[in-house]
Protein chains: 4
Amino acid sequence: MSSEFGKILKVSVFGQSHGKAIGVNIDGLPAGESIDLEELQRFLDRRRPGKSPLSTARNEGDVPEFLSGLENGKTCGSPLCAVIRNSDQHSKDYAELADKPRPGHADYTAWVKWKGHADMRGGGHFSGRLTAPLCIAGGIAKQILARRGVCVGAHLDSVGTVCDEHFPLFPTRELFEEIAAKPFPALDDASGARMQDVILAAKNVLDSVGGVIECAAIGLPAGLGDPMFDGVENRLAAALFGIPAVKGVEFGAGFNAAARRGSENNDPFTVENGRIAAVSNNAGGILGGITTGMPLTLRVAVKPTASIAKEQQTVSLSKLEDAQLQIHGRHDPCIAHRAVPVVEAVTATVLLDLLLEGNHGTF
Amino acid sequence: MSSEFGKILKVSVFGQSHGKAIGVNIDGLPAGESIDLEELQRFLDRRRPGKSPLSTARNEGDVPEFLSGLENGKTCGSPLCAVIRNSDQHSKDYAELADKPRPGHADYTAWVKWKGHADMRGGGHFSGRLTAPLCIAGGIAKQILARRGVCVGAHLDSVGTVCDEHFPLFPTRELFEEIAAKPFPALDDASGARMQDVILAAKNVLDSVGGVIECAAIGLPAGLGDPMFDGVENRLAAALFGIPAVKGVEFGAGFNAAARRGSENNDPFTVENGRIAAVSNNAGGILGGITTGMPLTLRVAVKPTASIAKEQQTVSLSKLEDAQLQIHGRHDPCIAHRAVPVVEAVTATVLLDLLLEGNHGTF
Amino acid sequence: MSSEFGKILKVSVFGQSHGKAIGVNIDGLPAGESIDLEELQRFLDRRRPGKSPLSTARNEGDVPEFLSGLENGKTCGSPLCAVIRNSDQHSKDYAELADKPRPGHADYTAWVKWKGHADMRGGGHFSGRLTAPLCIAGGIAKQILARRGVCVGAHLDSVGTVCDEHFPLFPTRELFEEIAAKPFPALDDASGARMQDVILAAKNVLDSVGGVIECAAIGLPAGLGDPMFDGVENRLAAALFGIPAVKGVEFGAGFNAAARRGSENNDPFTVENGRIAAVSNNAGGILGGITTGMPLTLRVAVKPTASIAKEQQTVSLSKLEDAQLQIHGRHDPCIAHRAVPVVEAVTATVLLDLLLEGNHGTF
Amino acid sequence: MSSEFGKILKVSVFGQSHGKAIGVNIDGLPAGESIDLEELQRFLDRRRPGKSPLSTARNEGDVPEFLSGLENGKTCGSPLCAVIRNSDQHSKDYAELADKPRPGHADYTAWVKWKGHADMRGGGHFSGRLTAPLCIAGGIAKQILARRGVCVGAHLDSVGTVCDEHFPLFPTRELFEEIAAKPFPALDDASGARMQDVILAAKNVLDSVGGVIECAAIGLPAGLGDPMFDGVENRLAAALFGIPAVKGVEFGAGFNAAARRGSENNDPFTVENGRIAAVSNNAGGILGGITTGMPLTLRVAVKPTASIAKEQQTVSLSKLEDAQLQIHGRHDPCIAHRAVPVVEAVTATVLLDLLLEGNHGTF
């Protein structure tokens with residue numbers, strides 16, 4: 001078990017979906033940082049379900065209580081622990097699942113690992129619900145970063161086979177805020193509408209669908225990160241794969257770069273107003289694991305929700321024989337759109353950690 | 001700087017491409033493991049250049065000297081340090097690059113980070129040459145794993161837009177050995193021939209091309225890895241992004257899963273000869289960050305070699321103005337095929353680390 | 001900031017003395033472990049103040065609420081977060097201290113580090129109160145260890161210049177329980193009475209006094225721990241110095257060994273009922289950082305309580321000039337006796353971490 | 001196995017006493033630091049044996065070869081690996097020990113851990129010889145620190161029951177250099193002479209003797225280190241216990257503080273030329289795990305050399321019965337005086353790590 005990431009800034013997530021509470025302990029936040037709790041709540045609300053037919057009907061308040069680390073609206077240097085009490089749980093929906101692991105879910109691996117002692121109601125500690133505490137950490141990190149001119153934004157790059165536009169070469173803070181304010185996080189609303197149709201179509205046939213999220217960060221200095229295994233890509237990937245349902249992470253051109261020639265993929269350097277920049281950004285703002293000063297861009301693949309209402313084949317753990325499974329309860333036909341702020345949150349937290357560590361390449 | 005990865009088994013890589021030597025220090029190897037040095041050398045030779053027009057003419061012996069940790073052909077528990085002396089260097093080829101960072105390379109970020117103190121001859125510590133020590137660690141890990149029935153294999157999944165077949169649902173040790181024995185690591189030799197044409201075509205126009213590597217591991221027990229940030233995916237991705245030129249990592253169906261519906265992507269469980277398995281493996285053998293017992297599968301995107309002979313636009317760091325760059329020296333038109341054993345090596349090292357840690361889900 | 005320790009079992013402590021709550025998040029507990037909450041409470045009560053004139057009058061209930069990780073009295077594999085709400089605080093007592101750092105306390109260093117943003121009421125995150133969450137972790141670890149035959153016990157070895165007896169060569173579980181049941185944790189009650197006199201004498205002159213704690217662990221297998229920097233001594237010391245007021249840690253004969261000859265200090269090996277043991281234990285059960293199978297013994301030096309009622313010289317941070325300080329509020333004339341269970345707790349937690357990691361010297 | 005320590009600056013030690021070589025890999029050194037190799041060699045020579053009847057006759061050249069990280073006398077940012085080839089070994093002296101573990105040595109625990117696969121010739125990886133690579137790292141760290149006004153020095157505080165003076169309240173760089181230049185590292189030469197007598201007396205009866213080392217560091221800024229488990233004391237202790245034969249570590253007044261009253265032990269603050277200082281330094285320059293800006297002081301207990309020529313009782317591992325042991329070979333009658341530069345080295349390395357991390361208490 002290690003539900004924690006970070007080097008200087010350590011974020012530990014705890015809780016089970018149907019336990020008493022979920023929460024996060026953040027160790028290493030700088031002191032004296034004002035945290036706007038209303039702005040934080042607005043950020044948390046971006047991932048909150050129960051707002052539309054696109055997500056589960058489970059209605060979560062998701063209002064954190066701060067037990068430590070925050071005094072008079074400012075961080076005080078000691079670890080910040082925030083807790084969200086669980087409510088509106090229908091645990092009975094999960095009785096059958098104890099014996100019949102859901103395909104595509106962690107039910108089976110948790111059963112193997114904890115010999116059946118895991119609390120898997122609602123997905124337990126593996127539930128997407130655990131992304132709420134991640135967003136508390138990320139929402140705080142975003143506020144601290146923004147004060148230093150570093151902004152993080154994301155949008156839904158695709159759902160099923162419907163694609164959105166990509167971020168421009170130089171995304172702006174205004175663009176990030178514009179997307180954040182939208183009911184559905186697409187750059188192009190027409191594409192957004194088609195994506196929503198895809199989600200509803202899947203829902204109507206008791207199925208689910210996956211998607212891809214594009215995330216970018218602007219305002220980063222050049223020189224952050226270290227080769228070879230402590231680079232920006234290594235650290236971001238290690239954290240992003242901690243988001244439930246993430247199965248792929250790429251930076252800049254990513255997998256597309258593999259299909260290209262060097263002359264297409266290399267980003268020519270140029271001098272702009274006395275500063276070194278690049279005329280393209282296939283590197284996603286990272287060369288040799290170190291930031292170039294160009295926008296950081298990454299894409300995250302989110303698989304379709306494992307919990308679908310459609311009947312599925314699984315096994316009975318007790319009888320050790322094949323069995324049919326009909327999942328009841330309330331589930332998201334797609335989690336990719338709700339994962340957009342989560343990807344922002346994890347990215348912002350890792351970037352704040354990198355900034356706190358600073359560039360000690362020279363002394 | 002952190003050229004190290006691993007938790008129980010720590011692998012530290014050192015050296016610069018044109019320095020005195022490169023090497024690796026492996027801390028945490030179990031004692032009493034026989035290491036077949038000839039088998040290890042055969043593995044190292046798979047990434048060695050100078051064997052065909054497909055790679056750089058630089059001729060590297062790459063025969064490691066073992067300074068510690070290995071006595072009478074067996075590991076003795078203390079850290080194993082192995083060194084490869086550098087030779088056949090043409091450092092003069094790199095004089096110009098000190099002032100003109102190569103697009104797509106770490107020259108610029110290293111210059112920012114180390115304020116010009118970095119030894120970037122031949123790419124310095126960022127050189128693909130540093131994958132040789134990684135292969136020493138991985139070759140040793142592969143031998144230790146094989147003894148426990150865990151085998152790791154990889155092939156070149158695509159070069160440019162030419163694709164190979166994918167691994168079957170249940171790849172075998174024999175299949176891995178068959179690919180390892182091939183002069184070009186493709187499953188389908190016809191595709192392999194086309195891939196080589198693509199590489200040579202790029203070379204002929206002084207350009208380079210990228211590729212994708214598919215890697216699989218068989219024989220892993222279920223229950224390895226921990227949620228959320230210490231999972232198998234987190235740890236593998238963090239290490240794989242340490243391989244120079246890697247820009248994307250995905251597990252199982254990866255980015256393709258994002259385009260699918262849950263009913264297509266979920267892997268139905270079934271009981272086969274009294275054991276629980278899955279009828280498909282879109283999860284790549286990992287659910288909730290924990291191994292399912294199915295084969296582990298991942299894909300790694302390798303960008304085209306940044307160093308191309310074609311003239312490119314860059315800047316002069318001293319004059320802070322745009323400049324043209326003509327890279328001389330000997331470079332690979334493609335590194336993806338040489339990176340195949342490197343991906344195996346890093347994967348094997350991480351898996352051995354996971355196996356050494358074991359499953360302490362219960363006590 | 002890193003209020004966390006542990007490798008497989010990670011213990012993160014949070015909270016400020018006068019904040020909303022203090023607590024602990026324990027990541028990596030094995031699943032399926034029954035936790036006897038009454039036994040745990042009895043352990044927590046051993047460090048609880050307000051029970052006698054020997055400690056502060058502050059009356060803390062110290063009853064933890066378990067937010068996660070514990071279901072139906074058993075650990076469920078996911079992180080265990082426990083919280084203790086603060087109460088009975090007299091924060092006004094601390095107004096003056098904001099400008100006048102207490103000698104011997106962290107007031108000044110916290111002011112430097114967090115630029116005056118630290119919440120230092122009641123010592124803030126540096127307060128001895130933070131040892132309550134450590135005892136939650138340690139009390140749980142002790143129960144899990146006891147089930148495997150590993151028992152940890154401690155007693156007050158000295159207060160001021162009054163010394164207790166030392167543990168015998170082979171302390172027993174019964175002996176540990178006997179001490180734990182005593183109102184004052186001394187092996188020899190006559191010495192214990194004299195120690196209490198020393199504490200009250202200090203209290204009567206508005207002063208405080210320090211002490212030494214001896215801790216032992218029995219039932220450990222040989223072979224735990226790793227050279228050179230991941231040994232049992234390294235890991236225990238790193239954790240024990242996290243207990244407020246600890247200024248020294250020694251193992252076995254410790255500093256006394258430095259005054260001896262090798263022939264006196266070496267522990268001769270012998271075979272007892274077919275098992276290898278030693279006839280003495282100056283090594284404290286550890287050779288080369290690795291357990292020998294003999295009892296583990298260590299001693300911890302606890303400085304006198306920094307907060308004394310006697311007038312002291314300090315400085316005014318605002319005026320940057322010397323100033324006199326009269327500390328009000330309720331303070332312990334000695335914390336060494338209350339620290340006895342804390343040393344047990346930290347020792348037990350580190351030992352459980354070592355046992356979970358296991359001995360992967362061979363594979 | 002983890003022969004590594006450090007957070008930003010990672011120091012990995014490798015090698016066995018009678019293996020091919022010993023060495024160190026230092027990951028995280030800042031770039032552009034000039035290393036004076038002659039000064040480094042002078043530092044290494046301080047721990048080198050074969051210089052007097054006080055130490056083993058084994059004559060080690062101990063001249064490191066730098067394989068990486070150092071170009072034209074300057075660090076280049078990439079990991080620095082330095083190697084010392086072994087020579088002048090009398091391995092045959094160790095044949096008998098394979099079956100008869102030396103009391104007080106790691107022979108037995110290594111045999112348990114590595115099931116007899118360990119290379120224990122000359123103590124293998126546990127040998128005091130491994131402190132040579134530690135001194136390479138520390139000698140480099142000392143040069144980098146000195147350039148920033150941070151100096152580290154140590155002296156032999158006691159041997160057996162003979163004590164040296166203690167460091168003054170404010171030791172100076174000149175004082176450190178004066179001791180370093182002495183043939184025997186005592187502040188008071190008369191005491192030094194008596195200490196040498198004690199060592200020779202022990203040697204004459206085929207025995208050995210232990211000692212205590214006092215180490216100090218000046219020029220440190222206030223605010224370094226983090227509570228609770230990442231403090232300066234935690235990190236130094238964790239590293240110092242990695243030095244073979246160290247059994248105790250204390251800071252400032254250490255164990256003596258436990259015998260005092262608060263009014264004696266608290267260090268009153270005062271303003272000196274506009275800066276806050278203390279009039280005494282029982283805290284050893286650390287409060288709450290964080291530096292105060294006063295000199296850092298610590299003491300390390302070194303047990304008597306375990307290898308003595310006197311006949312000792314041990315066991316036969318093969319026969320599992322008691323046995324007598326006569327150790328041949330060449331051993332130090334005392335290692336405490338040779339450990340003086342080693343304690344400096346480890347302290348300097350940890351302090352450089354702390355300085356590189358910096359104080360991110362605020363951002």
# chains A, B, ... in the order shown; residues from 1 in each chain; ligands from 1
$ select_by_dssp --residues "stretch 56-304 of chain A" --states "strand (DSSP E)" --output "PyMOL selection string"
chain A and resi 65-68+70-71+74-75+80-85+151-159+162-163+211-218+246-251+269-272+275-278+286-287+290-291+296-302
$ closest_atom_pairs --of "chain D" --to "chain B" --cutoff "6 Å" --atoms "only C-alpha atoms" --output "Markdown table"
| residue | atom | partner | partner_atom | distance |
| --- | --- | --- | --- | --- |
| D:Met1 | CA | B:Gly28 | CA | 4.6 |
| D:Phe14 | CA | B:Pro79 | CA | 5.4 |
| D:Gly15 | CA | B:Ser68 | CA | 4.8 |
| D:Lys20 | CA | B:Leu67 | CA | 5.3 |
| D:Ala21 | CA | B:Leu67 | CA | 5.4 |
| D:Gly28 | CA | B:Met1 | CA | 4.6 |
| D:Ala31 | CA | B:Trp114 | CA | 5.5 |
| D:Gly32 | CA | B:His117 | CA | 5.3 |
| D:Leu67 | CA | B:Lys20 | CA | 5.3 |
| D:Ser68 | CA | B:Gly15 | CA | 4.8 |
| D:Cys76 | CA | B:Ala118 | CA | 4.5 |
| D:Gly77 | CA | B:Ala118 | CA | 5.8 |
| D:Pro79 | CA | B:Phe14 | CA | 5.3 |
| D:Trp114 | CA | B:Ala31 | CA | 5.5 |
| D:His117 | CA | B:Cys76 | CA | 5.2 |
| D:Ala118 | CA | B:Cys76 | CA | 4.5 |
| D:Asp119 | CA | B:Cys76 | CA | 5.8 |
$ write_last_selection --atoms "N, CA and C atoms" --output "mmCIF file, in the first residue's frame"
data_model
loop_
_atom_site.group_PDB
_atom_site.id
_atom_site.type_symbol
_atom_site.label_atom_id
_atom_site.label_comp_id
_atom_site.auth_asym_id
_atom_site.auth_seq_id
_atom_site.Cartn_x
_atom_site.Cartn_y
_atom_site.Cartn_z
ATOM 1 N N MET D 1 19.423 -4.684 1.524
ATOM 2 C CA MET D 1 20.670 -3.954 1.262
ATOM 3 C C MET D 1 20.351 -2.509 0.893
ATOM 4 N N PHE D 14 29.853 1.049 -2.495
ATOM 5 C CA PHE D 14 29.897 -0.349 -2.935
ATOM 6 C C PHE D 14 31.278 -0.934 -2.698
ATOM 7 N N GLY D 15 31.346 -2.263 -2.784
ATOM 8 C CA GLY D 15 32.628 -2.938 -2.664
ATOM 9 C C GLY D 15 32.738 -3.824 -1.443
ATOM 10 N N LYS D 20 37.428 -6.707 -5.844
ATOM 11 C CA LYS D 20 38.284 -6.039 -6.817
ATOM 12 C C LYS D 20 38.490 -4.575 -6.464
ATOM 13 N N ALA D 21 37.408 -3.930 -6.030
ATOM 14 C CA ALA D 21 37.510 -2.505 -5.732
ATOM 15 C C ALA D 21 36.404 -2.096 -4.781
ATOM 16 N N GLY D 28 23.700 13.812 -7.515
ATOM 17 C CA GLY D 28 23.084 15.040 -7.035
ATOM 18 C C GLY D 28 24.066 16.146 -6.664
ATOM 19 N N ALA D 31 26.714 21.172 -10.168
ATOM 20 C CA ALA D 31 27.716 21.263 -11.239
ATOM 21 C C ALA D 31 28.592 22.497 -11.058
ATOM 22 N N GLY D 32 29.777 22.428 -11.632
ATOM 23 C CA GLY D 32 30.664 23.587 -11.640
ATOM 24 C C GLY D 32 31.485 23.761 -10.378
ATOM 25 N N LEU D 67 35.609 7.924 -12.349
ATOM 26 C CA LEU D 67 35.087 7.362 -13.601
ATOM 27 C C LEU D 67 34.095 8.282 -14.286
ATOM 28 N N SER D 68 33.462 9.147 -13.506
ATOM 29 C CA SER D 68 32.423 10.013 -14.087
ATOM 30 C C SER D 68 32.170 11.193 -13.167
ATOM 31 N N CYS D 76 30.398 18.020 -13.102
ATOM 32 C CA CYS D 76 29.673 18.355 -14.329
ATOM 33 C C CYS D 76 28.177 18.073 -14.224
ATOM 34 N N GLY D 77 27.695 17.794 -13.012
ATOM 35 C CA GLY D 77 26.255 17.595 -12.842
ATOM 36 C C GLY D 77 25.830 16.146 -12.857
ATOM 37 N N PRO D 79 26.216 11.990 -12.188
ATOM 38 C CA PRO D 79 26.706 11.285 -11.004
ATOM 39 C C PRO D 79 28.222 11.096 -11.025
ATOM 40 N N TRP D 114 22.470 -13.676 4.150
ATOM 41 C CA TRP D 114 22.784 -14.102 2.776
ATOM 42 C C TRP D 114 23.055 -15.594 2.682
ATOM 43 N N HIS D 117 26.233 -16.876 1.402
ATOM 44 C CA HIS D 117 26.739 -16.439 0.090
ATOM 45 C C HIS D 117 27.546 -15.147 0.178
ATOM 46 N N ALA D 118 27.548 -14.521 1.360
ATOM 47 C CA ALA D 118 28.248 -13.242 1.485
ATOM 48 C C ALA D 118 29.755 -13.425 1.310
ATOM 49 N N ASP D 119 30.399 -12.443 0.724
ATOM 50 C CA ASP D 119 31.855 -12.433 0.633
ATOM 51 C C ASP D 119 32.361 -11.693 1.860
#
$ residues_around --residues "C:Asn266" --least-positions-apart "5" --cutoff "10 Å" --atoms "only C-alpha atoms" --output "PyMOL selection string"
(chain C and resi 257+260-261+278-283) or (chain D and resi 102-105+303-308+312-313)
$ select_by_dssp --residues "stretch 42-229 of chain D" --states "helix (DSSP H, G or I)" --output "MDAnalysis selection string"
chainID D and resid 42:47 91:94 96:98 107:113 121:126 128:146 173:181 189:204
$ write_last_selection --atoms "C-alpha atoms" --output "PDB file, in the first residue's frame"
ATOM      1  CA  ARG D  42      45.093  14.763   2.247  1.00  0.00           C
ATOM      2  CA  PHE D  43      41.649  14.240   3.745  1.00  0.00           C
ATOM      3  CA  LEU D  44      41.583  10.587   2.687  1.00  0.00           C
ATOM      4  CA  ASP D  45      45.034  10.095   4.169  1.00  0.00           C
ATOM      5  CA  ARG D  46      43.691  11.079   7.580  1.00  0.00           C
ATOM      6  CA  ARG D  47      41.811   7.779   7.794  1.00  0.00           C
ATOM      7  CA  SER D  91      42.541 -13.307   2.274  1.00  0.00           C
ATOM      8  CA  LYS D  92      43.903 -16.581   3.555  1.00  0.00           C
ATOM      9  CA  ASP D  93      43.759 -15.041   7.028  1.00  0.00           C
ATOM     10  CA  TYR D  94      40.005 -15.309   6.744  1.00  0.00           C
ATOM     11  CA  GLU D  96      38.730 -20.101   9.363  1.00  0.00           C
ATOM     12  CA  LEU D  97      36.255 -17.260   9.931  1.00  0.00           C
ATOM     13  CA  ALA D  98      33.911 -18.622   7.292  1.00  0.00           C
ATOM     14  CA  ASP D 107      29.999 -12.374  10.278  1.00  0.00           C
ATOM     15  CA  TYR D 108      27.059 -14.141  11.892  1.00  0.00           C
ATOM     16  CA  THR D 109      24.292 -11.777  10.803  1.00  0.00           C
ATOM     17  CA  ALA D 110      25.674 -11.693   7.251  1.00  0.00           C
ATOM     18  CA  TRP D 111      25.672 -15.493   7.245  1.00  0.00           C
ATOM     19  CA  VAL D 112      22.024 -15.515   8.323  1.00  0.00           C
ATOM     20  CA  LYS D 113      20.989 -12.842   5.859  1.00  0.00           C
ATOM     21  CA  ARG D 121      36.823 -11.867   3.446  1.00  0.00           C
ATOM     22  CA  GLY D 122      38.247  -8.996   5.458  1.00  0.00           C
ATOM     23  CA  GLY D 123      34.762  -8.168   6.695  1.00  0.00           C
ATOM     24  CA  GLY D 124      33.471  -7.900   3.163  1.00  0.00           C
ATOM     25  CA  HIS D 125      31.039  -5.042   2.690  1.00  0.00           C
ATOM     26  CA  PHE D 126      30.931  -4.528   6.465  1.00  0.00           C
ATOM     27  CA  GLY D 128      35.858  -0.410   8.005  1.00  0.00           C
ATOM     28  CA  ARG D 129      37.528  -0.228   4.618  1.00  0.00           C
ATOM     29  CA  LEU D 130      34.157   0.906   3.226  1.00  0.00           C
ATOM     30  CA  THR D 131      34.651   4.171   5.083  1.00  0.00           C
ATOM     31  CA  ALA D 132      37.220   5.175   2.446  1.00  0.00           C
ATOM     32  CA  PRO D 133      34.517   5.766  -0.191  1.00  0.00           C
ATOM     33  CA  LEU D 134      32.492   7.621   2.448  1.00  0.00           C
ATOM     34  CA  CYS D 135      35.482   9.901   2.883  1.00  0.00           C
ATOM     35  CA  ILE D 136      35.649  10.537  -0.855  1.00  0.00           C
ATOM     36  CA  ALA D 137      32.062  11.765  -0.728  1.00  0.00           C
ATOM     37  CA  GLY D 138      32.632  13.672   2.477  1.00  0.00           C
ATOM     38  CA  GLY D 139      35.876  15.215   1.342  1.00  0.00           C
ATOM     39  CA  ILE D 140      34.141  16.550  -1.747  1.00  0.00           C
ATOM     40  CA  ALA D 141      31.226  17.785   0.344  1.00  0.00           C
ATOM     41  CA  LYS D 142      33.618  19.536   2.733  1.00  0.00           C
ATOM     42  CA  GLN D 143      35.199  21.475  -0.127  1.00  0.00           C
ATOM     43  CA  ILE D 144      31.825  22.553  -1.485  1.00  0.00           C
ATOM     44  CA  LEU D 145      30.609  23.523   1.987  1.00  0.00           C
ATOM     45  CA  ALA D 146      33.760  25.440   2.875  1.00  0.00           C
ATOM     46  CA  ARG D 173      37.798  26.855  10.967  1.00  0.00           C
ATOM     47  CA  GLU D 174      41.378  27.368  12.133  1.00  0.00           C
ATOM     48  CA  LEU D 175      40.796  25.034  15.070  1.00  0.00           C
ATOM     49  CA  PHE D 176      39.389  22.371  12.728  1.00  0.00           C
ATOM     50  CA  GLU D 177      42.399  22.686  10.442  1.00  0.00           C
ATOM     51  CA  GLU D 178      44.782  22.535  13.389  1.00  0.00           C
ATOM     52  CA  ILE D 179      43.327  19.211  14.544  1.00  0.00           C
ATOM     53  CA  ALA D 180      43.254  17.869  10.997  1.00  0.00           C
ATOM     54  CA  ALA D 181      46.973  18.571  10.723  1.00  0.00           C
ATOM     55  CA  ASP D 189      47.954  16.856  23.062  1.00  0.00           C
ATOM     56  CA  ALA D 190      48.624  15.666  26.605  1.00  0.00           C
ATOM     57  CA  SER D 191      45.281  13.884  26.596  1.00  0.00           C
ATOM     58  CA  GLY D 192      46.104  12.696  23.107  1.00  0.00           C
ATOM     59  CA  ALA D 193      49.298  11.131  24.361  1.00  0.00           C
ATOM     60  CA  ARG D 194      47.422   9.343  27.152  1.00  0.00           C
ATOM     61  CA  MET D 195      44.846   8.102  24.643  1.00  0.00           C
ATOM     62  CA  GLN D 196      47.628   6.643  22.511  1.00  0.00           C
ATOM     63  CA  ASP D 197      49.009   4.896  25.571  1.00  0.00           C
ATOM     64  CA  VAL D 198      45.608   3.359  26.187  1.00  0.00           C
ATOM     65  CA  ILE D 199      45.465   2.104  22.603  1.00  0.00           C
ATOM     66  CA  LEU D 200      48.965   0.616  22.734  1.00  0.00           C
ATOM     67  CA  ALA D 201      48.251  -0.948  26.118  1.00  0.00           C
ATOM     68  CA  ALA D 202      45.233  -2.674  24.633  1.00  0.00           C
ATOM     69  CA  LYS D 203      47.252  -3.753  21.605  1.00  0.00           C
ATOM     70  CA  ASN D 204      49.955  -5.228  23.815  1.00  0.00           C
TER      71      ASN D 204
END
$ atom_distance --atom1 "atom CA of B:Pro183" --atom2 "atom CA of B:Ala336"
13.8 Å
$ residues_around --residues "stretch 150-157 of chain D" --least-positions-apart "4" --cutoff "8 Å" --atoms "only C-alpha atoms" --output "JSON, numbers by chain"
{"D": [142, 145, 146, 163, 164, 165, 166, 173, 176, 177, 179, 180, 185, 186, 187, 211, 212, 213, 214, 215, 216, 217, 218, 219, 220, 336, 337, 340, 341, 343, 344, 347, 348]}
$ atom_distance --atom1 "atom CA of A:Ser87" --atom2 "atom CA of A:Pro101"
24.1 Å
$ residues_around --residues "stretch 234-240 of chain C" --least-positions-apart "2" --cutoff "7 Å" --atoms "only C-alpha atoms" --output "list in words"
Phe5, Phe229, Asp230, Gly231, Val232, Gly242, Ile243, Val249, Val343, Val346, Thr347 and Val350 of chain C; Phe229, Asn234, Arg235, Ala237, Ala238, Ala239, Phe241 and Gly242 of chain D
$ write_last_selection --atoms "N, CA and C atoms" --output "CSV table (one decimal), in the first residue's frame"
chain,number,residue,atom,x,y,z
C,5,PHE,N,7.5,8.7,8.7
C,5,PHE,CA,8.6,7.8,8.6
C,5,PHE,C,8.1,6.4,8.2
C,229,PHE,N,23.1,1.8,5.5
C,229,PHE,CA,22.3,2.9,5.9
C,229,PHE,C,20.9,2.6,6.0
C,230,ASP,N,20.6,1.3,5.9
C,230,ASP,CA,19.2,0.9,6.0
C,230,ASP,C,19.1,-0.2,7.1
C,231,GLY,N,20.0,-0.1,8.0
C,231,GLY,CA,20.0,-1.0,9.1
C,231,GLY,C,19.0,-0.7,10.2
C,232,VAL,N,18.9,-1.7,11.1
C,232,VAL,CA,17.9,-1.5,12.2
C,232,VAL,C,18.2,-0.3,13.0
C,242,GLY,N,12.6,11.7,16.1
C,242,GLY,CA,11.4,12.4,15.8
C,242,GLY,C,10.5,12.7,17.0
C,243,ILE,N,10.8,12.0,18.1
C,243,ILE,CA,10.1,12.2,19.4
C,243,ILE,C,10.6,13.5,20.0
C,249,VAL,N,20.5,8.7,21.2
C,249,VAL,CA,20.0,7.3,21.0
C,249,VAL,C,21.2,6.4,21.0
C,343,VAL,N,8.3,5.8,23.2
C,343,VAL,CA,9.5,5.1,22.7
C,343,VAL,C,9.1,3.7,22.3
C,346,VAL,N,7.2,4.0,18.9
C,346,VAL,CA,8.0,4.3,17.7
C,346,VAL,C,8.8,3.1,17.4
C,347,THR,N,9.4,2.4,18.4
C,347,THR,CA,10.2,1.2,18.2
C,347,THR,C,9.3,0.1,17.6
C,350,VAL,N,8.6,0.8,13.8
C,350,VAL,CA,9.8,0.6,12.9
C,350,VAL,C,10.0,-0.9,12.8
D,229,PHE,N,10.3,13.9,11.4
D,229,PHE,CA,11.2,12.8,11.1
D,229,PHE,C,12.2,13.1,9.9
D,234,ASN,N,17.5,13.6,12.8
D,234,ASN,CA,17.1,12.3,12.2
D,234,ASN,C,18.0,11.9,11.1
D,235,ARG,N,18.3,12.9,10.2
D,235,ARG,CA,19.1,12.6,9.0
D,235,ARG,C,20.5,12.3,9.3
D,237,ALA,N,21.7,11.2,12.3
D,237,ALA,CA,21.8,9.9,13.0
D,237,ALA,C,21.6,8.7,12.0
D,238,ALA,N,20.7,8.8,11.1
D,238,ALA,CA,20.5,7.7,10.2
D,238,ALA,C,21.7,7.4,9.4
D,239,ALA,N,22.5,8.5,9.1
D,239,ALA,CA,23.7,8.3,8.3
D,239,ALA,C,24.9,7.9,9.2
D,241,PHE,N,24.9,6.2,11.9
D,241,PHE,CA,24.9,4.8,12.3
D,241,PHE,C,25.3,3.8,11.2
D,242,GLY,N,25.5,4.4,10.0
D,242,GLY,CA,26.0,3.6,8.9
D,242,GLY,C,27.5,3.4,9.0
$ closest_residue --among "C:Asp353, C:Gly274, C:Leu287, C:Val342" --to "D:Pro244" --atoms "only C-alpha atoms"
C:Leu287
